[in-house]
Structure formats: C-alpha cells, structure tokens
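A.B. asks: Take this structure first; my questions come after.
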Amino acid sequence: MTAVSAPVVRKSFWRALTVTVLVAVANIGLWAFINRPVHITDWHGKVGGFAYNPSQRYQDPTKFIFPSESELDSDIRMLSRYTQRLRTYSSYENPQIPRIARLYGMTVMAGAWIEGRAERNERELSALIALARKNDNIDRVIIGNEVILRGDLPVRDLIAYIDRARAQLHVPVSTAEPLDTWQRNPDLVRHVDFVTVHILPYWERVPRKDAVGFVLGQLQSLRQIVDAVSPGKPIVVGEVGWPSNGNRREYAQPSIADEAHFLRDWFNVAAQQHIDYYVMEAIDQPWKEQLGGRVEAYWGVFNAAREPKFSFTGTVIEDPLWPWKAGAASLLALLPMFWFARHFIRFRATGLFFFLILVQLSASILVWMATLPYDFYLSPLDWTMLLLLFPAQLAIILILLINGFEFTEVIWRPYWLREFKPLTPQAGDPQPFVSIHLACYNEPPEMVILTLDSLAALDYENYEVLVLDNNTRNPEIWKPVEAHCAKLGKRFRFFHLQPWGGFKAGALNYGLEVTDARADVVAVIDADYEVRSDWLRALTGYFNNPKVAVVQCPQAHREWEHNPFRRMTNWEYDGFFRIGMHHRNERNAIIQHGTMTMVRKDVLANTGAWSEWTICEDAELGLRLMKAGYELVYVDELMGKGLTPADFKAYKSQRYRWAFGAMQIMKARLDWMISKASTLTRGQRFHFLTGWFSWFGDALHLVFTLMAMLWTLGMVLAPQYFMLPMYLFLVPLIGFFLFKAAFGIILYRVRVPCSWRDTLAASVASMSLSHAIARGIFEGLWRKKGEFIRTAKSRRIGKKPNPFTAVSEELLLFLALMACVVGMINSIGIHYVEGKLWIAILAAQAIPYGSALIGAWIAHRSGDAVG
C-alpha cells in the first residue's frame with residue numbers, strides 16, 4: 001500500500017465504522033422510544049378482589065385437565081399477598097379452592113356454572129351448596145355467569161336456580177350479567193340479594209383513556225335501574241379489567257401499559273368511591289383463546305407463568321426485555337452493515353444511511369419474530385402459521401434488501417464504475433468482420449423484410465447477414481424473405497431449416513457452422529428489429545480488448561406511441577434496461593439478451609456455442625462467458641428498435657419462457673453459484689442468485705395467495721378452529737408491499753423518461769406478469785425441458801377473441817380473493833385491526849391478478865395497431 005493510499009483507506013474505514021455505529025445506536029434508541037416508561041398513578045393498597053380461573057399454562061377445563069392441589073395452593077398463596085377476596089366460576093371442578101383460601105385468610109365469592117345442560121347444572125348447584133355449608137369463608141355465591149347474555153337459558157329458568165340456592169343457603173346470592181341484561185330484565189333484580197355486573201370497556205370499544213369514566217357511567221345507570229326495583233340493593237362489579245395483548249377492538253388497544261394504566265387508575269377511583277369489585281382476572285388463561293378469540297387469553301394481572309405483568313407502583317414498560325432484543329438486533333446487523341459501508345463507501349452519505357437502516361430494520365424484525373413466542377400463548381394453529389410465515393418473511397426480507405440495494409446504488413451512486421458509450425472510430429481503424437444472425441420462425445414476411453432493409457443500410461463494410469428460417473412450414477411466409485435476401489445481394493444468405501431441432505438455439509448453432517470464416521464477431525438480432533446504421537461501427541471497437549466477449553445493447557421498441565397496450569409494455573421493458581442492467585453492469589453481471597447482442601465468435605464456438613437444452617440460451621451463454629473470465633459490456637444506447645408483443649397472451653408467454661428458462665439454468669448451473677471452486681466473482685453470483693430469487697417472490701406470492709384463501713375459508717366456515725392471524729404477522733407483509741411499490745415507482749421517476757401516467761401503466765404491466773412468472777418458476781423447477789414459444793409481435797385475426805381467455809387463471813384467482821374479502825366483511829367484520837389488515841392483504845394479493853385483467857382488457861381494446 002502506498003503512502004498516499006493508506007490515509008485514504010484509514011479514513012474510509014473510520015467513516016464506515018462511524019455510520020455503522022450510528023445506525024446501531026439509533027436502533028437501540030428506537031426500541032427505547034417504543035418501550036419508553038409510562039408514568040401512572042401508584043397503587044399501594046390491596047386489590048378489591050380477583051376473579052380466579054386456576055388453569056395452568058397448558059391445562060384446559062374443557063378437556064377435563066385441571067390443576068393439582070399443590071398448584072392451587074401455590075396460586076392462592078401468591079394472590080393472598082395482593083388481595084383478600086377471590087371469585088370462582090365453578091364449584092364442581094375445583095372444590096379445594098375455598099378450603100385453601102381459608103388457610104390464607106381469604107374469602108371467596110363462589111360460583112356455580114349454569115348452562116343449557118340440566119345434568120351439569122344440578123351437579124354445579126349441589127357442589128356449590130355443599131361448599132358453602134362446609135366453608136364459612138364463602139361469603140357470597142353467584143348462580144350462573146352471563147347465562148342470559150349467552151342465551152343458554154331463559155330468564156325464568158335462571159331465576160328458578162337462583163331461588164333454589166337462596167332457599168338453601170344463608171349467604172347472599174346473585175347472578176352475573178352485563179348492564180344491558182339487567183336493563184332488559186328488571187325482574188331479575190328482585191330475585192337476587194345483590195346485583196353483580198360485568199363492565200369491560202374493551203369489549204365496548206372504549207379507548208383506555210376513557211375506560212374508567214365509562215365504568216363509572218355504567219354503574220350510575222345500573223344504580224338507577226336497581227333503585228327503581230329494589231332501592232339500596234348492593235351492586236358488585238363482578239368483572240372489571242383490561243387485556244394486555246390480543247386484537248385491537250376499534251379504539252380499544254390491548255397492551256401491558258394500558259392494562260396497568262387502567263387498573264391502577266381503577267384501584268384508586270374504586271377506593272375513593274367505595275366500589276365493590278373483582279378484577280377480571282387474576283391469571284392469564286390461554287385455553288380461553290379458543291372460546292372468545294386471542295384476547296381472552298390475556299386478561300390476567302399475572303401471566304400464565306404466574307409472573308406479574310407490571311408493578312402497582314412506579315413506571316411501566318411495555319416490554320421489559322427490550323434492551324436484550326435491541327442489543328441482539330444491533331449485534332446481528334453490525335457486521336453486515338459494516339461490510340456494506342466498507343465496500344460501498346463511495347455512495348453518498350444519504351444512500352449509506354438508507355441501506356444500513358434497511359439492514360438494521362430487517363435484523364430487528366428477525367429478532368422480533370424469533371422472540372414472538374415469548375410474548376404470546378401460541379396455539380397449534382398459531383405455531384403452524386408462525387412456522388409457515390417465518391421462512392416466507394425471511395424470504396420477503398431478503399427480497400426487500402435486494403431491491404433496496406438496487407434502489408440505493410441507482411439513486412445515490414456518485415457515478416457508474418462501468419459505463420460504456422458508443423465509440424467514435426477514427427479513419428483507418430480496423431473493422432472486425434461481423435456475421436449477423438437473424439433467426440425467425442413463422443414471422444410476417446413484411447416485418448422481416450423491414451429488418452433486412454435496415455441491415456442493408458448499415459454504415460459498415462465487413463459484415464454478412466444469415467437469415468435462419470427455423471421450421472416455417474408455409475412457403476408463402478418464408479419464400480418472400482428468401483427472395484428479398486437474393487435481391488439484397490451476396491452478403492445476405494437465406495437458409496430454410498426444416499425439420500430442425502433445438503428451437504432458436506438450434507438455428508443459431510447452424511448459423512455458426514455456415515458463418516464466413518473471416519468472421520470475428522457474431523451479432524444476433526430478432527426478426528422485428530430496425531437497426532441504426534451506425535450499430536456495428538459504434539460498438540465493434542470494444543472487441544479490441546481481448547477480455548471483452550459480449551457487447552449488449554438494450555431491447556428497445558418502436559411504433560408504440562399510439563397503442564395503449566404496446567405503450568405500457570414498452571415502458572415496462574424500459575425500466576429493466578434503464579435500471580436493472582446498469583445495476584448488474586457494475587459487477588460485470590448483465591443478462592445477455594438474444595437481440596442487439598454481439599459475441600466474439602471464437603469464444604462462442606470454444607465455450608460450447610448456443611445451449612439447446614434451455615429455452616433461454618442467451619442468458620445461459622452470458623453466464624457461461626462470465627465463468628470463463630470474460631467481460632460483458634452493456635452500452636445503454638438504442639441501436640435498434642423492435643416491436644413489443646402483439647397481445648397479452650404473447651406478453652405473458654414471453655415472460656413465462658424467461659422464468660422457465662431461468663429455472664433450467666439455475667438447476668444446471670447452481671454449482672457455479674455455490675461452489676468455492678467457481679471462477680464467477682461474488683458480484684456475479686450475487687446478481688444471478690438474487691435475480692432468480694426475486695422471481696421466486698412471484699412464486700411465493702402465488703403460494704401465499706392460495707394459503708390466505710384457504711385460511712380465510714377456514715375463518716368464515718369454521719371460526720372455532722381458525723382465527724385471525726396476529727397483527728404482528730401481518731404488519732411486515734403490508735410493509736413489504738408498500739416498500740416494494742415505493743422502490744419501483746421512485747426508481748422509474750428517477751431513471752425512466754416517462755410521464756406519471758406511463759409510470760403507473762408500466763407498474764400495472766409489471767404486476768400483471770406475476771402469475772405467468774410464478775407458473776414459469778414452478779414448471780421450470782419441476783420439468784426438465786420446455787418449449788420455446790415464439791413471441792408474436794403481430795397477429796392477423798378477424799374477429800377479436802374474448803379478452804380474458806389469456807388470463808382465465810388470473811380471473812379465477814381474482815374472483816376468489818374478492819369472495820374472501822366479502823366473506824371476511826360479512827362474517828368477521830372490520831372492527832379489529834387484524835381483520836382490516838387481513839382484508840388489506842387479501843386486496844393486495846389480488847392486485848397482480850387484477851392488473852392482468854386490466855392488461856388483457858387494454859390489449860383487447862388496443863388491437864394490433866402497429867405502423
């Protein structure tokens with residue numbers, strides 16, 4: 001290292017380290033901000049009472065799995081430090097509770113579970129009466145819990161059970177219902193010794209800040225009802241509380257901080273106003289999730305591990321473990337961030353910070369997902385969803401980082417490291433002999449003739465043109481082309497190959513065999529291209545460098561301005577050549593295309609010619625030449641213009657072929673990507689692997705669409721088994737859709753010279769290909785051989801076909817997703833954030849299929865207006 005470069009290297013090292021540390025520290029600050037302490041009024045006294053369900057973490061009374069006496073003793077001993085009163089719901093299932101509570105000086109408001117089964121009701125009533133007579137610390141009893149609300153019994157039947165209990169017991173008797181039940185049934189007030197009401201603001205969609213006031217208002221309304229029937233009769237709040245986790249219910253957000261805030265405020269207000277109450281509830285009950293949704297598991301002041309969720313004094317932190325999570329996320333991202341900053345220190349500071357933040361954000365999401373099971377009581381279905389979605393979200397994060405890298409380099413590079421322009425040859429410069437190969441199959445003769453005329457007008461001396469007609473059966477199509485070649489002179493040679501195998505690659509390989517021996521360069525164009533006269537003169541000079549094996553120009557198009565379909569597809573193609581090809585060219589990793597490309601002839605012949613085993617022979621050749629150590633030059637200059645696909649069917653089939661061929665190449669050349677012995681550079685491996693990986697995103701989209709529809713069907717038809725996925729699973733998916741869309745639109749506005757309208761149309765065109773790409777990916781992975789389907793650039797048809805014939809699968813998927821959206825709205829509704837997010841995801845999943853329908857309709861309306 002020279003004395004001049006050493007300080008520069010040290011400076012770049014410290015600059016990279018500085019931005020890395022700053023982002024890591026900012027990440028910790030963000031976690032701290034999200035989990036900043038909440039200041040709440042302290043509570044120093046005893047809790048009025050706890051509603052107590054004794055099931056342990058993996059116990060379930062509906063499956064007859066009950067706690068042992070030692071577990072009950074441990075619970076009650078712990079609760080006795082916070083309250084002197086318990087409320088139970090069943091006397092038959094855990095009859096030991098009153099006896100154990102007496103040991104710790106606690107009273108019990110014992111319950112009998114009443115429902116629609118008379119046999120069980122008799123057991124419960126008998127057990128309650130026996131317990132009350134045996135345990136003098138049972139000071140009140142509750143006959144039935146929300147029986148009228150659930151509709152288990154008519155009021156008269158419930159009153160009969162209450163009257164029987166009152167006749168046999170010497171303690172006050174009541175039943176527990178919400179306010180509206182007491183309002184509708186004032187006669188019920190006459191048959192109880194005290195009125196027990198459940199007031200849970202969360203279920204009424206009340207925001208936490210208004211919750212205590214809401215409870216007081218409900219109590220005031222109930223007092224008026226009770227006094228009108230039985231003046232002065234006591235009122236007991238049998239359930240009051242706030243959940244710490246679960247689904248948001250409009251304005252009511254479950255959280256630990258909100259639970260602590262509500263309860264501590266409530267304790268103080270209840271003490272001041274001498275309100276008799278029991279908190280809903282003492283300990284989290286995960287088994288309840290299957291009965292009333294996810295939130296039912298999180299009403300406890302203590303979690304299922306019997307740990308307090310918050311303190312009754314001091315500040316409250318939503319996630320006490322956040323410092324460990326933040327630290328883990330920063331450490332996970334530290335080396336990748338430093339590596340990127342070190343290697344791309346030339347990027348503008350804004351770009352460096354942007355991508356490092358993206359890396360850090362990705363690491364935080366991974367840590368958050370990995371620690372999710374510690375924050376929730378995951379059911380088997382939740383675990384299934386987690387195990388299915390975690391790999392998918394990992395793939396989504398990788399796709400986002402790949403797109404983010406392209407976005408960063410394109411937007412914030414100070415200059416392109418490898419940028420090539422057309423050359424200006426000097427008089428007397430040697431002209432390498434170029435053999436131009438034009439493979440065609442069943443092409444309209446007038447289109448091919450236009451291409452030949454443009455080749456005849458080339459401002460170049462040393463070249464020939466080989467027209468390789470591949471299996472065109474109708475002489476009326478290929479004979480005019482043959483005649484025109486003869487008319488143009490001896491440098492134009494026509495070959496009719498029939499029968500001939502190997503598709504386009506087979507025809508091009510035949511062309512190699514009959515190429516003029518003087519040829520140094522083989523150039524390939526499609527049969528619809530009209531080339532610039534200086535094409536060869538401006539580019540062949542790059543072959544003076546012996547390391548250059550390919551000179552590639554972009555695909556470009558003509559005669560699209562007045563055809564809406566061809567216009568939108570033109571700009572969709574243009575995006576890749578203005579953005580993606582430059583991004584790849586920086587690391588000598590461009591995709592070679594089968595038109596407007598020039599290849600050094602001896603290198604082409606010596607490395608295996610055109611591969612006939614893949615239907616993307618051009619891309620495979622480019623990869624093969626990179627592996628051989630050659631340079632591929634991309635010159636972003638429109639040296640020739642062809643036609644866009646004639647209709648949506650042709651547009652789809654072309655992209656399907658590219659995806660299918662990409663999978664053929666990946667399967668055959670994967671060892672080049674992963675083997676340490678491969679001569680491909682890291683940049684080349686990165687671009688080919690991530691290029692394929694990005695297309696896997698479309699395949700993943702299809703898989704997720706099918707899974708989402710099946711899950712939605714389950715939620716609509718079998719809600720007892722299928723529930724809304726937690727919003728924590730859904731937010732990253734929504735974020736991915738938004739970020740990916742933003743990246744694409746911003747890049748277009750920066751790099752592609754089109755209007756906003758054309759940008760949006762190009763986006764629709766791009767999204768419309770998602771299903772075709774997904775099919776190409778799956779079939780390419782499954783099948784060994786594919787069929788090279790010619791991309792029709794012009795069609796002669798009389799009556800227009802049904803516009804949606806080419807998108808029948810997309811139409812079916814779109815309608816199915818819309819049916820899922822309607823089913824969600826009608827069954828689950830939009831009261832939960834999770835429900836809204838799930839509907840948003842279903843709608844987002846439908847966008848590519850809706851785009852395909854739009855593209856097909858525009859193509860149908862546009863017709864084949866070319867020239």
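The way I read the labels, and the way they are meant: chains A, B, ... in the order of the structure tokens, residue 1 as the first residue of every chain, and ligand 1 as the first ligand shown, with later ones counted on from there.
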Fewer than 5 positions away in the same chain doesn't count, so skip those; otherwise give me all residues within 7 Å of Leu423 (chain A), counting only C-alpha atoms, as a VMD selection string.
C.D. replies: chain A and resid 538 to 539 541
A.B. asks: Only all heavy atoms, please: the residues just picked out, written as a PDB file, in the first residue's frame.
C.D. replies:
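To be explicit, this is the file written out as selection-v3.pdb:
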```
ATOM      1  N   ALA A 538     -20.207   1.748 -34.259  1.00  0.00           N
ATOM      2  CA  ALA A 538     -20.061   2.408 -32.958  1.00  0.00           C
ATOM      3  C   ALA A 538     -19.701   1.453 -31.828  1.00  0.00           C
ATOM      4  O   ALA A 538     -19.326   1.911 -30.744  1.00  0.00           O
ATOM      5  CB  ALA A 538     -21.348   3.138 -32.612  1.00  0.00           C
ATOM      6  N   LEU A 539     -19.806   0.138 -32.067  1.00  0.00           N
ATOM      7  CA  LEU A 539     -19.635  -0.794 -30.946  1.00  0.00           C
ATOM      8  C   LEU A 539     -18.552  -1.841 -31.143  1.00  0.00           C
ATOM      9  O   LEU A 539     -18.025  -2.382 -30.157  1.00  0.00           O
ATOM     10  CB  LEU A 539     -20.974  -1.497 -30.642  1.00  0.00           C
ATOM     11  CG  LEU A 539     -22.144  -0.597 -30.239  1.00  0.00           C
ATOM     12  CD1 LEU A 539     -23.381  -1.428 -29.945  1.00  0.00           C
ATOM     13  CD2 LEU A 539     -21.796   0.269 -29.040  1.00  0.00           C
ATOM     14  N   GLY A 541     -15.589  -1.669 -31.838  1.00  0.00           N
ATOM     15  CA  GLY A 541     -14.289  -1.288 -31.291  1.00  0.00           C
ATOM     16  C   GLY A 541     -14.029  -1.843 -29.912  1.00  0.00           C
ATOM     17  O   GLY A 541     -12.868  -1.985 -29.493  1.00  0.00           O
TER      18      GLY A 541
END
```
A.B. asks: Write out as a list of chain:residue names each polymer residue whose atoms come within 9 Å of Glu409 (chain A), counting only C-alpha atoms; drop sequence neighbours fewer than 4 positions from it.
C.D. replies: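 My reading of the contact set: A:Phe344, A:Phe347, A:Gly351, A:Gly404, A:Phe405, A:Arg413, A:Pro414, A:His583.
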A.B. asks: What does the structure give for the distance between CA of Gly49 (chain A) and CA of Asp187 (chain A), in Å to one decimal?
C.D. replies: 27.7 Å
A.B. asks: From the DSSP assignment of the backbone, select every residue of region 644-785 of chain A that is helix (DSSP H, G or I), and format the answer as a ChimeraX atom specification.
C.D. replies: /A:648-674,682-717,727-751,756-767,770-782
A.B. asks: Return the single residue from A:Ala24, A:Val173, A:Ala333, A:Val189 that is closest to Gln224 (chain A), with distances computed using only C-alpha atoms.
C.D. replies: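 Among the listed residues, A:Val189 lies closest to Gln224 (chain A).
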A.B. asks: With only C-alpha atoms as the counted atoms, please give the residues lying no more than 6 Å from region 641-651 of chain A, apart from itself and same-chain residues fewer than 6 positions off, as a list in words.
C.D. replies: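 In the requested format, the answer is Asp528, Tyr529, Glu530, Ala556, His557, Arg558, Arg566, Thr791, Ala792, Lys793, Ser794, Ala806, Ala856 and Ala859 of chain A.
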A.B. asks: Could you pull the residues within 12 Å of Ile76 (chain A), counting only C-alpha atoms, minus those fewer than 5 positions along the same chain, as an NGL selection string?
C.D. replies: :A and (50-54 or 69-71 or 81-88 or 96-108 or 282-283 or 306)
A.B. asks: Any chance you could list, as a list in words, the residues in region 272-476 of chain A that come up strand (DSSP E) when DSSP is run on the backbone?
C.D. replies: Tyr277, Tyr278, Val279, Val434, Ser435, Ile436, His437, Leu438, Ala439, Cys440, Tyr463, Glu464, Val465, Leu466, Val467, Leu468, Asp469 and Asn470 of chain A
A.B. asks: Using only C-alpha atoms, pick whichever of A:Pro432, A:Pro61, A:Pro243, A:Gly238 has the shortest atom-to-atom distance to Ile275 (chain A).
C.D. replies: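 Residue with the minimum atom-to-atom distance to Ile275 (chain A): A:Gly238.
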A.B. asks: Show me, as a VMD selection string, the residues that have an atom within 7 Å of region 258-269 of chain A when counting only C-alpha atoms, minus same-chain residues fewer than 6 positions from it.
C.D. replies: chain A and resid 40 to 43 47 208 212 241 to 244 310 312
A.B. asks: For the residues in the current selection, export all heavy atoms as a compact mmCIF listing (two decimals), in the first residue's frame.
C.D. replies:
```txt
# COMPACT_ATOMS: atom_id res chain seq x y z
N ILE A 40 -47.68 6.32 35.66
CA ILE A 40 -49.06 6.05 36.06
C ILE A 40 -49.19 6.29 37.56
O ILE A 40 -48.23 6.11 38.32
CB ILE A 40 -49.44 4.58 35.73
CG1 ILE A 40 -49.10 4.24 34.27
CG2 ILE A 40 -50.90 4.32 36.00
CD1 ILE A 40 -49.25 2.77 33.94
N THR A 41 -50.39 6.66 37.98
CA THR A 41 -50.66 6.84 39.41
C THR A 41 -50.38 5.54 40.17
O THR A 41 -50.82 4.46 39.76
CB THR A 41 -52.13 7.24 39.63
OG1 THR A 41 -52.40 8.42 38.87
CG2 THR A 41 -52.41 7.49 41.11
N ASP A 42 -49.64 5.62 41.26
CA ASP A 42 -49.29 4.43 42.04
C ASP A 42 -50.51 3.89 42.78
O ASP A 42 -51.48 4.61 43.06
CB ASP A 42 -48.21 4.76 43.08
CG ASP A 42 -46.85 5.02 42.41
OD1 ASP A 42 -46.68 4.62 41.25
OD2 ASP A 42 -45.99 5.64 43.06
N TRP A 43 -50.44 2.60 43.10
CA TRP A 43 -51.43 1.96 43.96
C TRP A 43 -50.69 1.20 45.06
O TRP A 43 -49.87 0.33 44.78
CB TRP A 43 -52.32 1.01 43.16
CG TRP A 43 -53.22 0.17 44.04
CD1 TRP A 43 -53.15 -1.17 44.24
CD2 TRP A 43 -54.31 0.64 44.83
NE1 TRP A 43 -54.12 -1.58 45.11
CE2 TRP A 43 -54.86 -0.48 45.50
CE3 TRP A 43 -54.87 1.90 45.07
CZ2 TRP A 43 -55.95 -0.37 46.37
CZ3 TRP A 43 -55.96 1.99 45.93
CH2 TRP A 43 -56.48 0.86 46.57
N VAL A 47 -55.89 -5.15 46.40
CA VAL A 47 -56.87 -5.19 45.32
C VAL A 47 -58.20 -5.64 45.90
O VAL A 47 -58.25 -6.52 46.78
CB VAL A 47 -56.40 -6.15 44.20
CG1 VAL A 47 -57.46 -6.30 43.13
CG2 VAL A 47 -55.09 -5.65 43.61
N ARG A 208 -58.71 3.32 26.14
CA ARG A 208 -58.27 3.17 27.53
C ARG A 208 -58.39 4.44 28.33
O ARG A 208 -58.81 4.44 29.50
CB ARG A 208 -56.83 2.65 27.53
CG ARG A 208 -56.33 2.09 28.88
CD ARG A 208 -55.83 3.14 29.83
NE ARG A 208 -54.94 4.06 29.16
CZ ARG A 208 -54.74 5.32 29.55
NH1 ARG A 208 -55.39 5.80 30.60
NH2 ARG A 208 -53.90 6.11 28.90
N VAL A 212 -62.15 4.21 32.60
CA VAL A 212 -62.61 4.32 33.99
C VAL A 212 -63.90 5.13 34.03
O VAL A 212 -64.87 4.77 34.72
CB VAL A 212 -61.53 4.95 34.88
CG1 VAL A 212 -62.10 5.28 36.26
CG2 VAL A 212 -60.35 4.00 35.02
N GLY A 241 -61.72 -4.94 34.07
CA GLY A 241 -60.31 -5.13 33.73
C GLY A 241 -59.99 -4.67 32.33
O GLY A 241 -60.82 -4.07 31.64
N TRP A 242 -58.78 -5.00 31.92
CA TRP A 242 -58.29 -4.61 30.58
C TRP A 242 -57.27 -5.66 30.13
O TRP A 242 -56.42 -6.07 30.92
CB TRP A 242 -57.62 -3.24 30.65
CG TRP A 242 -57.40 -2.62 29.29
CD1 TRP A 242 -56.31 -2.76 28.50
CD2 TRP A 242 -58.31 -1.79 28.58
NE1 TRP A 242 -56.48 -2.07 27.32
CE2 TRP A 242 -57.70 -1.46 27.35
CE3 TRP A 242 -59.59 -1.30 28.85
CZ2 TRP A 242 -58.32 -0.65 26.39
CZ3 TRP A 242 -60.20 -0.49 27.90
CH2 TRP A 242 -59.58 -0.18 26.70
N PRO A 243 -57.34 -6.10 28.88
CA PRO A 243 -56.40 -7.12 28.41
C PRO A 243 -55.03 -6.54 28.08
O PRO A 243 -54.91 -5.37 27.72
CB PRO A 243 -57.07 -7.67 27.15
CG PRO A 243 -57.88 -6.52 26.63
CD PRO A 243 -58.34 -5.76 27.85
N SER A 244 -54.02 -7.37 28.19
CA SER A 244 -52.64 -6.93 27.92
C SER A 244 -52.17 -7.28 26.52
O SER A 244 -51.11 -6.83 26.08
CB SER A 244 -51.68 -7.57 28.93
OG SER A 244 -51.68 -8.98 28.79
N PHE A 310 -46.83 -6.27 35.52
CA PHE A 310 -46.44 -4.89 35.80
C PHE A 310 -46.47 -4.68 37.31
O PHE A 310 -47.03 -5.49 38.05
CB PHE A 310 -47.39 -3.90 35.11
CG PHE A 310 -48.84 -4.12 35.44
CD1 PHE A 310 -49.42 -3.54 36.57
CD2 PHE A 310 -49.63 -4.92 34.63
CE1 PHE A 310 -50.75 -3.74 36.88
CE2 PHE A 310 -50.97 -5.13 34.94
CZ PHE A 310 -51.53 -4.54 36.06
N PHE A 312 -47.43 -2.34 40.69
CA PHE A 312 -48.50 -1.43 41.10
C PHE A 312 -47.97 -0.04 41.45
O PHE A 312 -48.75 0.87 41.71
CB PHE A 312 -49.24 -2.00 42.30
CG PHE A 312 -50.12 -3.18 41.96
CD1 PHE A 312 -50.71 -3.94 42.96
CD2 PHE A 312 -50.35 -3.54 40.64
CE1 PHE A 312 -51.52 -5.02 42.65
CE2 PHE A 312 -51.15 -4.62 40.32
CZ PHE A 312 -51.74 -5.37 41.33
```
